[in-house]
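Down below is the structure, laid out as structure tokens.
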Amino acid sequence: MEENILTNRQGHPVTNNQQIRSVGKRGPATLENYDFIEKISHFDRERVPERVVHARGAGAHGYFEAYGTVGNEPIAKYTRAKLFQTKGKKTPVFVRFSTVIHGGHSPETLRDPRGFAVKFYTEDGNWDLVGNNLKIFFIRDAMKFPDMIHAFKPDPVTNRQDAERFFDFCAASPESFHMVTLVYSPWGIPANYRMMQGSGVNTYKWVNEQGKAMLIKYHWEPKQGIRNLTQQQAQDIQGKNFNHATQDLFDAIEKGDYPEWELFVQMMEDGEHPELDFDPLDDTKLWPEEKFPWLAVGKMTLNKNPDDYFTEVEQVAFGTGVLVDGLDFSDDKMLQERTFSYSDTQRYRVGANYLQLPINAPKKHVATNQRGGQMQIKVDHHENPHINYEPSLLGRLKEARQSGTEYTPYIEGNLVRAPIDRTNDTKQAGETYRKFEKWEQDDLILNLTTDLAKCESVIQETMIRYAEEADADYGRRLRENLQNTDSTGPLGNAQNDEAVEQAINESKETDH
Ligand code: HEM
């Protein structure tokens with residue numbers, strides 16, 4: 001059969017895929033070995049730069065099904081985004097889950113937030129909801145993001161992640177304390193991707209037909225339930241399988257056990273809300289559920305594994321700027337800072353024409369005047385290919401009509417470099433601590449103690465002070481545990497160091 005015949009990339013049949021051409025059986029080789037040179041030079045280029053963060057990931061296809069309502073009200077009252085309007089309306093999606101800090105093949109058991117990025121291929125073009133499993137973040141200004149990531153990633157000299165560098169940054173950044181409390185609890189190691197929540201974290205807006213906007217937070221709730229691991233459970237899994245989350249997702253979908261998440265929103269009138277003790281645009285804060293209830297708007301089902309990991313999961317490109325009509329940015333400056341970073345890195349990581357790849361291209365008609373660049377694989381639909389500009393009296397591409405009343409918020413203020421008001425850095429961390437179950441509190445204290453034991457006392461004292469400010473019991477337990485712990489710590493890396501040393505001492509020496 002013709003299609004079973006191995007060819008090179010020029011379509012030439014390959015008659016010998018085992019040996020190159022050489023002078024005699026033993027060589028030397030000659031340079032005209034076209035098939036070999038093509039094969040090896042393509043292999044030499046198989047990698048693209050990995051994501052600067054969220055390098056390790058797993059993905060799946062599925063669909064989102066709208067409820068047509070938000071709470072008990074028709075959703076049209078708040079947003080005109082078409083994908084949400086009609087009950088039962090289905091929109092295809094691609095989801096990529098990820099860990100954040102380590103490289104492309106790092107264990108999936110590490111303590112780290114998890115990425116939860118969803119691309120909706122809507123009839124109005126793509127919408128990306130680029131979220132994490134946790135609902136808040138370490139910092140509230142992306143000016144600090146490169147420093148934060150440098151501190152969390154391996155040391156530039158030893159190439160090892162170092163708890164002291166992590167806590168040095170966090171101690172000097174009190175806004176991170178709530179996130180640290182979550183990440184060092186079992187919530188920092190979700191059991192797998194299917195049984196974790198997702199959240200947009202940053203504040204967006206919805207815009208309705210009349211051009212009125214509301215502030216919005218998005219949350220995904222797994223129908224499979226939520227499961228998190230203690231440090232010990234994660235270590236036990238890691239000794240046996242460091243790809244367990246990727247495997248769990250793939251196997252579940254393969255056997256027809258399709259994971260589902262319900263999408264909820266929290267809504268708030270736009271504005272500064274002086275009655276709250278935090279700024280609604282501060283992404284280190286939760287919006288209290290009692291005041292801002294979770295309202296269901298739809299459900300997502302993942303029902304198809306990728307056909308090819310690289311083409312889909314590696315090359316997919318999500319960005320916070322990718323919104324459709326009826327969805328908008330809020331003034332959340334982190335959101336705007338993120339919006340620049342995503343497509344900037346993707347032009348470098350995947351290439352200038354990354355939006356032409358099937359996984360990133362909208363599943364609708366695309367018609368731009370953007371031409372050229374590396375790897376242009378098609379010219380976007382154009383009835384008059386000579387007119388790659390607009391306006392034109394000859395060309396056919398015209399601007400679209402504004403749908404609904406345009407949303408035109410009025411903004412004024414001095415240009416400043418200043419932190420957001422109402423920082424209140426530790427209060428919500430205390431509330432979160434008190435909501436934890438006893439085993440979660442115990443694991444949090446153990447994990448913090450283990451890693452803080454490796455830090456200078458100025459860092460320890462600062463972190464204990466934040467814990468004391470958050471909750472008296474939290475602070476007392478952390479201080480007592482640290483005082484009773486020597487620098488090797490009861491668990492985690494320090495214990496691993498000893499275990500590794502012991503294993504090497506017990507191993508047998510061989511001569512050859
Ligand atoms: C990935 C920047 C905060 C969620 C990335 C990437 C960059 C980046 C450059 C790599 C993208 C790629 O190569 O395709 C930033 C900056 C932030 C920030 C500058 C500002 C502090 C956040 C926050 C969240 C988040 C708060 C959670 C809501 C993600 C996810 C991915 C990602 C899920 C992986 C997307 C994928 O699976 O391809 N981020 N990020 N990031 N970021 Fe952020």
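How things are named: the first chain in the structure tokens is A, the next is B, and so on; residues count from 1 in each chain; ligands count from 1 in the order shown.
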Could you pull out the residues sitting within 8 Å of ligand 1, using only C-alpha atoms and all ligand atoms, and write them as a ChimeraX atom specification? /A:50-55,57,95-98,100,114-117,130-146,199-202,283,313-319,334-335,337-346,349
Write out as a PyMOL selection string all residues of segment 280-474 of chain A that backbone DSSP assigns to strand (DSSP E). chain A and resi 295-304+327-329
Quick one: write out the picked residues with N, CA and C atoms as a PDB file, in the first residue's frame?
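Written file, part.pdb:
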ATOM      1  N   LEU A 295     -21.861  31.610  41.085  1.00  0.00           N
ATOM      2  CA  LEU A 295     -23.046  31.406  40.252  1.00  0.00           C
ATOM      3  C   LEU A 295     -22.644  30.571  39.032  1.00  0.00           C
ATOM      4  N   ALA A 296     -23.339  29.465  38.821  1.00  0.00           N
ATOM      5  CA  ALA A 296     -22.963  28.547  37.740  1.00  0.00           C
ATOM      6  C   ALA A 296     -23.403  29.110  36.393  1.00  0.00           C
ATOM      7  N   VAL A 297     -22.542  28.955  35.388  1.00  0.00           N
ATOM      8  CA  VAL A 297     -22.893  29.437  34.037  1.00  0.00           C
ATOM      9  C   VAL A 297     -22.744  28.364  32.962  1.00  0.00           C
ATOM     10  N   GLY A 298     -22.145  27.209  33.318  1.00  0.00           N
ATOM     11  CA  GLY A 298     -21.990  26.178  32.297  1.00  0.00           C
ATOM     12  C   GLY A 298     -21.114  25.051  32.790  1.00  0.00           C
ATOM     13  N   LYS A 299     -20.874  24.106  31.903  1.00  0.00           N
ATOM     14  CA  LYS A 299     -20.134  22.905  32.285  1.00  0.00           C
ATOM     15  C   LYS A 299     -19.179  22.514  31.164  1.00  0.00           C
ATOM     16  N   MET A 300     -17.988  22.032  31.544  1.00  0.00           N
ATOM     17  CA  MET A 300     -17.006  21.615  30.540  1.00  0.00           C
ATOM     18  C   MET A 300     -16.743  20.116  30.680  1.00  0.00           C
ATOM     19  N   THR A 301     -16.664  19.437  29.546  1.00  0.00           N
ATOM     20  CA  THR A 301     -16.365  18.000  29.524  1.00  0.00           C
ATOM     21  C   THR A 301     -15.140  17.784  28.641  1.00  0.00           C
ATOM     22  N   LEU A 302     -14.174  17.011  29.119  1.00  0.00           N
ATOM     23  CA  LEU A 302     -13.006  16.670  28.290  1.00  0.00           C
ATOM     24  C   LEU A 302     -13.172  15.235  27.808  1.00  0.00           C
ATOM     25  N   ASN A 303     -13.222  15.058  26.484  1.00  0.00           N
ATOM     26  CA  ASN A 303     -13.581  13.737  25.960  1.00  0.00           C
ATOM     27  C   ASN A 303     -12.667  13.248  24.842  1.00  0.00           C
ATOM     28  N   LYS A 304     -11.535  13.941  24.617  1.00  0.00           N
ATOM     29  CA  LYS A 304     -10.647  13.446  23.553  1.00  0.00           C
ATOM     30  C   LYS A 304      -9.194  13.786  23.883  1.00  0.00           C
ATOM     31  N   LEU A 327     -16.922  40.115  26.730  1.00  0.00           N
ATOM     32  CA  LEU A 327     -15.946  39.890  27.799  1.00  0.00           C
ATOM     33  C   LEU A 327     -14.922  41.008  27.698  1.00  0.00           C
ATOM     34  N   ASP A 328     -14.409  41.489  28.819  1.00  0.00           N
ATOM     35  CA  ASP A 328     -13.481  42.621  28.735  1.00  0.00           C
ATOM     36  C   ASP A 328     -12.454  42.562  29.860  1.00  0.00           C
ATOM     37  N   PHE A 329     -11.472  43.443  29.763  1.00  0.00           N
ATOM     38  CA  PHE A 329     -10.485  43.593  30.825  1.00  0.00           C
ATOM     39  C   PHE A 329     -11.086  44.423  31.953  1.00  0.00           C
TER      40      PHE A 329
END
Shell of 7 Å around segment 163-176 of chain A, only C-alpha atoms, local chain residues under 6 positions omitted, as a PyMOL selection string: chain A and resi 138-139+148+151-152+284+425+451+454-455+459+462-463
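Atom pair atom CA of Arg396 of chain A / atom CA of Tyr121 of chain A has a distance of 25.3 Å (rounded to one decimal).
Proximity to Gly430 of chain A was assessed for A:His102, A:Arg9, A:His178, A:Lys205 counting only C-alpha atoms; the smallest distance is recorded for A:His178.
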Filtered DSSP result for segment 404-485 of chain A, state alpha helix (DSSP H), as a VMD selection string: chain A and resid 427 to 435 438 to 452 457 to 470 472 to 483
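From atom CA of Val48 of chain A back to atom CA of Asn126 of chain A, the distance works out to 23.9 Å.
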